[in-house]
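Here is the structure we will look at.
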Amino acid sequence: MRRSGLFSARLAFALLPLVAFAQQALTREGDSWVGTYSGAGPAAPRLRVNAHGPVTLEGGVSQNLSYQVKVSVKTRTAAGALRVLERYAVRLAPQGDWLILTAPGGPFLSAVSVQAPRLAAAAVTTSDGVVDVRGVDGPLAVDTGGGELFVDRVRGDCRLSTGGGDVRVGQVNGSLECASAAGRITVGTVRGEAVLTTGGGEIVATEVDGPVRAQTLAGGIHISKAGGAVTATTGGGRIMVDSANGIVIAHNLAGPLEVGAAAGVESESGAGGVRLGNILGSMRVSTMMGSILANLLGGKPADSFLATGDGDITVLIPSNVGVNIRAESQMADTIRRIVSEFPAIPVRRQGARIVAEGPVNGGGPLLRISATQGTIFIKRQP
């Protein structure tokens, strides 16, 4: 008796969207006929949406699940649209502790909108279209064949993928893995690590509590605050890291680098200037073309190396930082290729080079400076 009652309940539940649609008349919108499937289901801890168009999902806003699927059909008459839609079905069925909402595809466009109770987990897969998900109390996975992604208020780990389109993320309390074939990635707050990849577009992250890996084939990268190391790679664009509680590793084919504060810096650039601020550890920086400005405000220097093929190098040393300087300029046209404000670092000609060596503020780790073309300035920090 229990099995028969359960079968009857599932059958009635499966037919509910069709009954709701039959009670609604088609509406004309432009050159399409639009029909709407509406339905409801019980609360479930996990929800998966399989769609073929835009999806909007909001969790924690209702006691039970409710959905609406708008289907747009391009036919000349309403009768023709009905013949197409009568073969269309929306399915809502349990699978373990997951509830599966499926809106199959066909010769039409569809848009899914879902309001759900609190969700311990959610997943959205669509062949094409914008996806907007907000309010998931656990992990979230989203995959769209092409379209923008909007995600906010996710309390678990988050995995996002789009075949092409911008990605905007508000708050994620776990880790974030985000990939776009082409588009801008904008991230608010992530309480874990973040892996951000796009085939072309800018990457901007405001606050990440863990390490950050950001890669774009073309576009700037700006990480405001990272709780761990930052690895940033771009085929062309500005890389900016305001603050990182770890080492910054930057690879830039063409574009400047600016690091406000970090535990260390490793950088290679084909072309672009470099500005380094409060660096607590080692600096290993080279650029083929561009000037370098390094301010040793960190107070805890380590053995470092600064080099440019074409550009000036300026090093600012405060009175509480001790280092040993070894500077070398390949241009020997004038001894002024190295300018030192410290008497303990005399400048002299050595064959075809201009060199300067000596301790600053009692000495310390070795700082090697090399410029093929350009001038080296060794200055006191005001």
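Residue numbers start at 1 in each chain; chains themselves are named A, B, ... in the order of the structure tokens; ligands are numbered from 1 in the order shown.
Using only C-alpha atoms, the residues found no farther than 8 Å from region 334-336 of chain A, other than those of its own chain fewer than 3 positions away, are Met331, Val339, Val347, Arg348, Arg349, Ile354 and Thr375 of chain A.
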Near-Val142 (chain A) list (10 Å; only C-alpha atoms; drop same-chain fewer than 4 positions) as a PyMOL selection string: chain A and resi 48-49+122-126+131-133+149+151+158-162+178
Who sits within 10 Å of Ala232 (chain A), only C-alpha atoms, same chain under 5 positions skipped, as a VMD selection string: chain A and resid 196 203 212 to 216 220 to 223 239 to 241 248 to 252 267
Nearest-residue call for Gly364 (chain A), choices A:Asp242, A:Asp166, A:Asp303, A:Asp312, using only C-alpha atoms: A:Asp303
Those in region 33-269 of chain A with strand (DSSP E or B) from DSSP, as a ChimeraX atom specification: /A:33-41,46-51,55-58,65-73,91-95,98-102,109-115,121-126,131-136,140-144,149-154,158-162,167-172,176-180,185-190,194-198,203-208,212-216,221-226,230-234,239-244,247-252,257-262,264-269
Sorted by chain and rising residue number, list the residues of region 27-65 of chain A at most 10 Å from region 99-105 of chain A (counting only C-alpha atoms), each with its closest atom pair and distance in Å to one decimal, as a Markdown table.
| residue | atom | partner | partner_atom | distance |
| --- | --- | --- | --- | --- |
| A:Tyr37 | CA | A:Ala103 | CA | 10.0 |
| A:Gly41 | CA | A:Leu99 | CA | 8.9 |
| A:Pro42 | CA | A:Leu99 | CA | 9.0 |
| A:Ala43 | CA | A:Leu99 | CA | 8.7 |
| A:Ala44 | CA | A:Leu99 | CA | 6.2 |
| A:Pro45 | CA | A:Leu99 | CA | 8.1 |
| A:Arg46 | CA | A:Leu99 | CA | 6.2 |
| A:Leu47 | CA | A:Leu99 | CA | 4.8 |
| A:Arg48 | CA | A:Ile100 | CA | 4.9 |
| A:Val49 | CA | A:Leu101 | CA | 4.9 |
| A:Asn50 | CA | A:Thr102 | CA | 4.7 |
| A:Ala51 | CA | A:Ala103 | CA | 4.9 |
| A:His52 | CA | A:Gly105 | CA | 5.4 |
| A:Gly53 | CA | A:Gly105 | CA | 8.4 |
| A:Leu65 | CA | A:Leu99 | CA | 9.8 |
Go ahead and write the selection's residues with N, CA and C atoms as a PDB file, in the first residue's frame.
ATOM      1  N   TYR A  37       5.615  27.004 -18.149  1.00  0.00           N
ATOM      2  CA  TYR A  37       5.416  25.848 -17.292  1.00  0.00           C
ATOM      3  C   TYR A  37       5.723  26.286 -15.857  1.00  0.00           C
ATOM      4  N   GLY A  41       7.610  21.766  -5.760  1.00  0.00           N
ATOM      5  CA  GLY A  41       8.094  20.504  -5.231  1.00  0.00           C
ATOM      6  C   GLY A  41       8.458  20.645  -3.772  1.00  0.00           C
ATOM      7  N   PRO A  42       8.700  19.531  -3.101  1.00  0.00           N
ATOM      8  CA  PRO A  42       9.041  19.577  -1.686  1.00  0.00           C
ATOM      9  C   PRO A  42      10.455  20.100  -1.475  1.00  0.00           C
ATOM     10  N   ALA A  43      10.729  20.507  -0.252  1.00  0.00           N
ATOM     11  CA  ALA A  43      12.076  20.950   0.088  1.00  0.00           C
ATOM     12  C   ALA A  43      13.031  19.771   0.000  1.00  0.00           C
ATOM     13  N   ALA A  44      14.215  20.012  -0.563  1.00  0.00           N
ATOM     14  CA  ALA A  44      15.251  18.991  -0.669  1.00  0.00           C
ATOM     15  C   ALA A  44      16.587  19.642  -0.352  1.00  0.00           C
ATOM     16  N   PRO A  45      17.519  18.906   0.285  1.00  0.00           N
ATOM     17  CA  PRO A  45      18.792  19.536   0.677  1.00  0.00           C
ATOM     18  C   PRO A  45      19.683  19.904  -0.491  1.00  0.00           C
ATOM     19  N   ARG A  46      19.516  19.200  -1.636  1.00  0.00           N
ATOM     20  CA  ARG A  46      20.382  19.443  -2.787  1.00  0.00           C
ATOM     21  C   ARG A  46      19.537  19.532  -4.052  1.00  0.00           C
ATOM     22  N   LEU A  47      19.911  20.475  -4.916  1.00  0.00           N
ATOM     23  CA  LEU A  47      19.150  20.716  -6.134  1.00  0.00           C
ATOM     24  C   LEU A  47      20.082  20.769  -7.330  1.00  0.00           C
ATOM     25  N   ARG A  48      19.698  20.061  -8.400  1.00  0.00           N
ATOM     26  CA  ARG A  48      20.428  20.114  -9.666  1.00  0.00           C
ATOM     27  C   ARG A  48      19.464  20.573 -10.749  1.00  0.00           C
ATOM     28  N   VAL A  49      19.909  21.541 -11.551  1.00  0.00           N
ATOM     29  CA  VAL A  49      19.115  22.053 -12.653  1.00  0.00           C
ATOM     30  C   VAL A  49      19.832  21.740 -13.957  1.00  0.00           C
ATOM     31  N   ASN A  50      19.149  21.016 -14.851  1.00  0.00           N
ATOM     32  CA  ASN A  50      19.651  20.743 -16.189  1.00  0.00           C
ATOM     33  C   ASN A  50      18.786  21.517 -17.177  1.00  0.00           C
ATOM     34  N   ALA A  51      19.403  22.449 -17.923  1.00  0.00           N
ATOM     35  CA  ALA A  51      18.612  23.351 -18.749  1.00  0.00           C
ATOM     36  C   ALA A  51      19.252  23.550 -20.113  1.00  0.00           C
ATOM     37  N   HIS A  52      18.534  24.288 -20.948  1.00  0.00           N
ATOM     38  CA  HIS A  52      19.004  24.636 -22.290  1.00  0.00           C
ATOM     39  C   HIS A  52      18.671  26.101 -22.571  1.00  0.00           C
ATOM     40  N   GLY A  53      19.126  26.954 -21.661  1.00  0.00           N
ATOM     41  CA  GLY A  53      18.879  28.379 -21.780  1.00  0.00           C
ATOM     42  C   GLY A  53      19.240  29.061 -20.478  1.00  0.00           C
ATOM     43  N   LEU A  65      10.075  24.318  -2.912  1.00  0.00           N
ATOM     44  CA  LEU A  65      10.658  24.713  -4.194  1.00  0.00           C
ATOM     45  C   LEU A  65       9.543  25.075  -5.184  1.00  0.00           C
TER      46      LEU A  65
END
